Each structure stands twice: as C-alpha cells, then as structure tokens.
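Scroll down for the structure; my scribbles are underneath it.
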Amino acid sequence: MLVSAKEMLEKARDGKYAVGQFNINNLEWTKSILLTAEELKSPVILGVSEGAGKYMTGFKTVAAMVKAMIEELGITVPVALHLDHGTYEGCYKCIEAGFSSIMFDGSHYPIDENVAKTQELVKICAEKGMSLEAEVGSIGGEEDGVVGLGECADPAECKRIAELGVDMLAAGIGNIHGQYPENWPGLRFDVLEAVKKEVGNMPLVLHGGTGIPEDMIKKAISLGVAKINVNTECQLAFAAATRKYIEAGKDQQGKGFDPRKLLAPGAEAIKETVKEKMELFGSVGKA
Ligand code: 13P
C-alpha cells in the first residue's frame, strides 16, 4: 500500500528502530526492494532523487510504475514513495505526480527562505495527506551534481523548521553521501543530541547510510534517528554482481545475454543489501 511516511516513522521512533529509505533507479531496483520488504514484513521508503526521476522519464512514470508494481506483486507492507533532496519545483511536480512523501531540501537557502518555503509545503502536504521531510545543515558529498559541504546543523535552526510541522527532519551531523573517506571522523553524536533536545519528538533522518559502521547506526537510532537513507551501497552491490557475471563470461553462454538473465545477479545483490540493512535498522517484522 502506498502511504505517507508519517505513521511508519512515528512507530519507528517509539519502537526504537529505523525505516530504511532505499533509492530506486529503475524497474529492477524497485522490484528487488519491494519484494525484500514484503518478505521481511518491513515498512519501506522508496527514495527518488531528481536525477533518477529524470532518468526514469519523469515522476509520473515513477509513481505509475510503483503503484502498479505494489498491486501486481501483491505487496501488503506500508510503502512510501518519497522525493529525495527535492528542489522547490521538484516538490510540486511530485505532489502532482502522486508521490506519498517529499523531501524539500532547502538547506542551501538562507534559513528564513528555507523556513518560508518549507512552511508553504507543510500546508500543501497536510491537505494531501503526504509526509514532508526538511533539511537543516547540508549533507556532505555529491549527489546528482548537488555538492554539500557537510556542515553540521544548527540546533536552533532545526527547532524553527521542526515547529513548522514537518514530519521528519534531516539534520547534518557529519554524514556524507557516497563512500566515507578513510579519515572520516565519524558521526557527530554531540550535534545529534543537541538537535534532539531542540526538536523533541520529531523523527530524525540520517542520510548517507552507506558505509556507516553498525555501532554508529545503532547509537544514532537510540538517539532519535527513525529513517536511514541508503543509495550507494545498492549501486555498489549491483555493479559488483554484474561485473562478476560478465567476467565469468556468463553473458556469452547460451542466452546469458538476455537482459532478464544479465540483470538478475545485480537484482539479487540489491535484495541481499536491503535485507542486511533492514535487519540492522530493526525494521524486520514491523509492518
Ligand atoms: P548514500 O548514497 O551514501 O547511501 O546516501 C543516500 C542518501 O542519503 C540519499 O539521500
């Protein structure tokens, strides 16, 4: 069922686990993630970046595919279709396309503008029964050409945004999109605690879930993180499995070149990655 992320995240916050947001790029990605969530009886959030949306020919195509796939695969667990790092314009496109959740990433605007735009979207999302994620402090790394310097969130600014009535808040705490460099100092739990103090019960979102050590994930969940985003790790798993298949020459044996065969090892690898993450985040059996 396509639902807003609000209820699943409030349950996760209260139950001290996190729901995974797994970004999708195409049909195989979507199918692997949905089937794994169903198998593990876990709620799930499908993340769509603006770049991935464009790649899939537009947000309407994505929404139609996801809705039809939920029906045709008989998926019964709660699924949210969520715009990841949305621009102001992208948010409106996804509202129109039938997404159930959006992230407005206003972190690069001056805080007053971030507040004004977020406030406007809070009202529309409430009317449509959609959930809204806001961001304060940028997430480091590069995603779809948007480069964040990774500055930590200011807890006072988090309070201002949280008070607008958003459903979840992404606060930069030293997390980075993509793989972490060897000299990465780790998550800033002092910042997370300070943010938590200011925003009270608001479910917090941890971006850059790829490669964060397990103990840090668990600690972040214990401090109020209820949603964790994972993208790169599925891409790496898909690429490695595809490489192995090709390097073994399997695409040249029989009908191994058939895309349904060629893409199968990658699709299976995504399932395995999603399963590991759901187990680590504690969302298994929580649907
Ligand atoms: P990773 O690609 O580092 O897993 O981050 C995903 C993310 O935060 C999407 O918003």
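How things are named: the first chain in the structure tokens is A, the next is B, and so on; residues count from 1 in each chain; ligands count from 1 in the order shown.
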
Checklist entry - So which bits of stretch 12-238 of chain A end up strand (DSSP E) when you DSSP the backbone, as number ranges by chain? => result A: 19-23, 44-49, 79-86, 101-104, 131-136, 141-143, 146-148, 168-171, 204-206, 225-230

Please report as a Markdown table every residue of chain A lying within 10 Å of ligand 1, along with the nearest atom pair and their distance in Å (one decimal), using only C-alpha atoms and all ligand atoms.
| residue | atom | partner | partner_atom_place_in_ligand_line | distance |
| --- | --- | --- | --- | --- |
| A:Gln21 | CA | ligand 1 | 9 (C) | 7.7 |
| A:Phe22 | CA | ligand 1 | 6 (C) | 7.7 |
| A:Asn23 | CA | ligand 1 | 9 (C) | 6.8 |
| A:Gly47 | CA | ligand 1 | 9 (C) | 7.3 |
| A:Val48 | CA | ligand 1 | 9 (C) | 8.6 |
| A:Ser49 | CA | ligand 1 | 10 (O) | 7.5 |
| A:Leu83 | CA | ligand 1 | 10 (O) | 9.2 |
| A:Asp84 | CA | ligand 1 | 10 (O) | 5.6 |
| A:His85 | CA | ligand 1 | 10 (O) | 6.4 |
| A:Gly86 | CA | ligand 1 | 10 (O) | 9.9 |
| A:Met103 | CA | ligand 1 | 10 (O) | 9.3 |
| A:Ile139 | CA | ligand 1 | 8 (O) | 7.8 |
| A:Gly140 | CA | ligand 1 | 3 (O) | 9.3 |
| A:Gly141 | CA | ligand 1 | 3 (O) | 8.2 |
| A:Glu142 | CA | ligand 1 | 2 (O) | 9.0 |
| A:Glu143 | CA | ligand 1 | 2 (O) | 7.7 |
| A:Ala170 | CA | ligand 1 | 10 (O) | 9.5 |
| A:Asn175 | CA | ligand 1 | 3 (O) | 8.3 |
| A:Ile176 | CA | ligand 1 | 3 (O) | 6.1 |
| A:His177 | CA | ligand 1 | 3 (O) | 3.5 |
| A:Gly178 | CA | ligand 1 | 3 (O) | 3.7 |
| A:Gln179 | CA | ligand 1 | 3 (O) | 6.1 |
| A:Tyr180 | CA | ligand 1 | 3 (O) | 8.0 |
| A:Val205 | CA | ligand 1 | 8 (O) | 9.0 |
| A:Leu206 | CA | ligand 1 | 8 (O) | 7.1 |
| A:His207 | CA | ligand 1 | 8 (O) | 3.4 |
| A:Gly208 | CA | ligand 1 | 5 (O) | 3.3 |
| A:Gly209 | CA | ligand 1 | 4 (O) | 4.4 |
| A:Thr210 | CA | ligand 1 | 4 (O) | 3.8 |
| A:Gly211 | CA | ligand 1 | 3 (O) | 7.3 |
| A:Ile212 | CA | ligand 1 | 3 (O) | 8.7 |
| A:Ile228 | CA | ligand 1 | 8 (O) | 7.5 |
| A:Asn229 | CA | ligand 1 | 8 (O) | 4.5 |
| A:Val230 | CA | ligand 1 | 4 (O) | 3.5 |
| A:Asn231 | CA | ligand 1 | 2 (O) | 3.8 |
| A:Thr232 | CA | ligand 1 | 2 (O) | 3.7 |
| A:Glu233 | CA | ligand 1 | 4 (O) | 5.8 |
| A:Cys234 | CA | ligand 1 | 4 (O) | 8.0 |
| A:Gln235 | CA | ligand 1 | 2 (O) | 8.4 |
| A:Leu236 | CA | ligand 1 | 2 (O) | 9.8 |

Item to check | d(atom CA of A:Gln119, atom CA of A:Val79) in Å | outcome: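 Atom CA of A:Gln119 sits 25.1 Å away from atom CA of A:Val79.
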
Item to check | Test item: residues at most 12 Å from A:Ala12, only C-alpha atoms, excluding those fewer than 2 positions along its chain, as a VMD selection string | outcome: chain A and resid 5 to 10 14 to 20 42 to 44 168 201 to 205 221 to 222 224 to 228 281 to 287

Item to check | Selected residue, from A:Ala63, A:Ala156, A:Val195, A:Val274, that lies nearest to A:Ala171 when counting only C-alpha atoms | outcome: A:Val195

Checklist entry - Could you pull the residues within 7 Å of A:Ser107, counting only C-alpha atoms, minus those fewer than 4 positions along the same chain, as a list in words? => result Asn114, Glu135, Val136, Gly137 and Ser138 of chain A

Next on the checklist: To test your reading of the structure, identify every residue in stretch 62-276 of chain A that backbone DSSP assigns to alpha helix (DSSP H), and report it as a PyMOL selection string.
Outcome noted: chain A and resi 62-73+88-97+111-128+155-162+189-199+214-222+232-247+259-262+264-276

Checklist entry - For A:Asp105, which of A:Ala267, A:Leu132, A:Val3, A:Leu46 is the closest residue, counting only C-alpha atoms? => result A:Leu132

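Considering the residues A:Ile270, A:Leu81, A:Leu169, A:Leu280 and counting only C-alpha atoms, A:Lys218 has its shortest atom-to-atom contact with A:Leu280.
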
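Distances from A:Met130, A:Val115, A:Met69, A:Leu262 to A:Cys94 were compared using only C-alpha atoms, and the smallest one belongs to A:Met130.
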
Checklist entry - Suppose you want the space between atom CA of A:Ala68 and atom CA of A:Lys128; what is it in Å? => result 20.4 Å

Item to check | Distance criterion (only C-alpha atoms): nearest to A:Leu40 out of A:Lys261, A:Cys91, A:Val77, A:Glu163 | outcome: A:Val77

Checklist entry - So how far away is atom CA of A:Leu263 from atom CA of A:Leu34, in Å? => result 16.7 Å

Checklist entry - Do you know which residues are at most 9 Å from A:Asn25 counting only C-alpha atoms, after dropping those on the same chain fewer than 2 positions away, and could you put them as JSON, numbers by chain? => result {"A": [23, 27, 28, 29, 30, 48, 49, 52, 53, 55, 56]}

Item to check | Residue among A:Ala97, A:Thr76, A:Leu164, A:Leu187 lying closest to A:Ala116, counting only C-alpha atoms | outcome: A:Leu164
